[in-house]
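K.L.:
Sharing a structure, written as structure tokens. Questions coming.
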Amino acid sequence: MESVAASVTILGRNYKMRVSATDEEALRKAAAAIDEQAKSFGKQYAYNDHQDLLAMVSLTQITRLVKTQDQLKYKDTDLIERLQSIDNLLDQILHPSQHSL
């Protein structure tokens, strides 16, 4: 997989890194979102310390990630249960003699 040099700016500071060519656009969008949210927190809470702002962004984003993962886990469990139920119904329809007493 080809990697490319990418440079992004967050709170006026440049960060250079090598990323997969397919990940470059996502990296730029992520950096822009971090920068925008950090600046918004700075205005909202009158913070000037970039470390504090980045910590707040990190907490906010990781909280969203954890909640999303929990929702997906629930949906996966629900989907598995539904598929098992469908499988049982199909089994009863296709093999009625095995299920009658």
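Quick note on naming: the chains in the structure tokens go A, B, ... in the order shown, residues restart at 1 in each chain, and ligands are numbered from 1 in order of appearance.
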Just list the residues in chain A DSSP gives strand (DSSP E) on the backbone, as a list in words.

P.N.:
Ser3, Val4, Ala5, Ala6, Ser7, Val8, Thr9, Ile10, Arg13, Asn14, Tyr15, Lys16, Met17, Arg18, Val19 and Ser20 of chain A

K.L.:
Please produce a file of those selected residues containing C-alpha atoms, as a PDB file, in the first residue's frame.

P.N.:
ATOM      1  CA  SER A   3       2.040   5.898   1.716  1.00  0.00           C
ATOM      2  CA  VAL A   4       2.143   9.638   1.213  1.00  0.00           C
ATOM      3  CA  ALA A   5       3.478  12.550   3.225  1.00  0.00           C
ATOM      4  CA  ALA A   6       0.652  14.552   4.733  1.00  0.00           C
ATOM      5  CA  SER A   7       0.724  17.775   6.665  1.00  0.00           C
ATOM      6  CA  VAL A   8      -2.171  19.021   8.771  1.00  0.00           C
ATOM      7  CA  THR A   9      -2.594  22.021  11.040  1.00  0.00           C
ATOM      8  CA  ILE A  10      -4.310  21.907  14.414  1.00  0.00           C
ATOM      9  CA  ARG A  13       0.636  23.922  14.741  1.00  0.00           C
ATOM     10  CA  ASN A  14       1.717  21.777  11.791  1.00  0.00           C
ATOM     11  CA  TYR A  15       1.882  18.008  12.068  1.00  0.00           C
ATOM     12  CA  LYS A  16       3.614  15.979   9.373  1.00  0.00           C
ATOM     13  CA  MET A  17       3.134  12.280   8.998  1.00  0.00           C
ATOM     14  CA  ARG A  18       3.075   9.455   6.502  1.00  0.00           C
ATOM     15  CA  VAL A  19      -0.256   7.808   5.889  1.00  0.00           C
ATOM     16  CA  SER A  20      -1.775   5.418   3.421  1.00  0.00           C
TER      17      SER A  20
END

K.L.:
Would you pick out the contacts of segment 31-43 of chain A at 8 Å or less, using only C-alpha atoms, so that residues sharing its chain but fewer than 5 positions from it are not included, and give the list as a list in words?

P.N.:
Val8, Thr9, Ile10, Leu11, Asn48, His50, Leu53, Leu54, Met56 and Val57 of chain A
